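Engineer: Sharing a structure here in structure tokens format.
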Amino acid sequence: MDTEILATRKDAAESYGESIYTKMIKAGHRTYFLDVKTTRANDHFISITELRKKTTANGEQVNERNKVFVYEEDLDKFIDGMNEVLDEIKKMGCLGDNRLK
């Protein structure tokens, strides 16, 4: 994909993506945010953010943030892939309390 297109999408996602739904998931020293956002052109995308507390070498607590954007045209493929991964996790029995049923 052209770097100019990537830069435009990143600007769109961070600058004027209006959040229309947010789900916060607290998980130990990490917090996840799943945001549904819209662009000025009324395209939808999902922003997945991991916020992780880290301690620096001098003992200072800082938050490290990682983001992934899943754009509207990719949502069907993303959901199919996620469902496939979840099915494999169920088959492997990775979760002791079987939360994924």
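Following the order of the structure tokens, first chain is A, next is B, and so on, with residues numbered from 1 inside each chain and ligands from 1 in the order they appear.
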Contacts of region 58-69 of chain A at 9 Å or less, counting only C-alpha atoms, minus same-chain residues fewer than 5 places along, as a PyMOL selection string?
Structural biologist: chain A and resi 10+13+45-53
Engineer: Only C-alpha atoms, please: the residues just picked out, written as a PDB file, in the first residue's frame.
Structural biologist:
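And here is the file that came out, again_32.pdb:
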ATOM      1  CA  LYS A  10      -3.401   7.349  10.103  1.00  0.00           C
ATOM      2  CA  ALA A  13      -7.848   7.721  12.413  1.00  0.00           C
ATOM      3  CA  PHE A  45     -13.172   1.638  11.519  1.00  0.00           C
ATOM      4  CA  ILE A  46     -12.164  -0.104  14.731  1.00  0.00           C
ATOM      5  CA  SER A  47      -9.304   1.192  16.829  1.00  0.00           C
ATOM      6  CA  ILE A  48      -7.797  -1.386  19.196  1.00  0.00           C
ATOM      7  CA  THR A  49      -5.576   0.176  21.856  1.00  0.00           C
ATOM      8  CA  GLU A  50      -3.425  -1.576  24.434  1.00  0.00           C
ATOM      9  CA  LEU A  51      -2.397   0.620  27.358  1.00  0.00           C
ATOM     10  CA  ARG A  52       0.291  -1.045  29.452  1.00  0.00           C
ATOM     11  CA  LYS A  53       1.870   0.210  32.664  1.00  0.00           C
TER      12      LYS A  53
END
Engineer: Quick one: pick out all helix (DSSP H, G or I) residues within region 13-95 of chain A from a backbone DSSP run and write them as a list in words.
Structural biologist: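 Taking region 13-95 of chain A and keeping helix (DSSP H, G or I) gives Ala13, Glu14, Ser15, Glu72, Glu73, Asp74, Leu75, Asp76, Lys77, Phe78, Ile79, Asp80, Gly81, Met82, Asn83, Glu84, Val85, Leu86, Asp87, Glu88, Ile89, Lys90, Lys91 and Met92 of chain A.
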Engineer: Would you mind reading off the distance between CA of Leu86 (chain A) and CA of Tyr21 (chain A), one decimal, in Å?
Structural biologist: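 Going from CA of Leu86 (chain A) over to CA of Tyr21 (chain A), I get 23.1 Å.
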Engineer: Kindly give the distance, in Å, that separates CA of Asn42 (chain A) and CA of Phe78 (chain A), rounded to a single decimal.
Structural biologist: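 The value is 20.0 Å.
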Engineer: DSSP on the backbone: what in region 46-76 of chain A comes out strand (DSSP E), as number ranges by chain?
Structural biologist: A: 46-55, 61-71
Engineer: Report, in Å with one decimal, the straight-line distance from CA of Thr39 (chain A) to CA of Gly17 (chain A).
Structural biologist: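 Pair CA of Thr39 (chain A) / CA of Gly17 (chain A) returns 4.9 Å.
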Engineer: Mind checking which residues fall within 7 Å of Lys23 (chain A), counting only C-alpha atoms, ignoring those fewer than 6 positions away in the same chain, and posting them as a count of residues only?
Structural biologist: 3
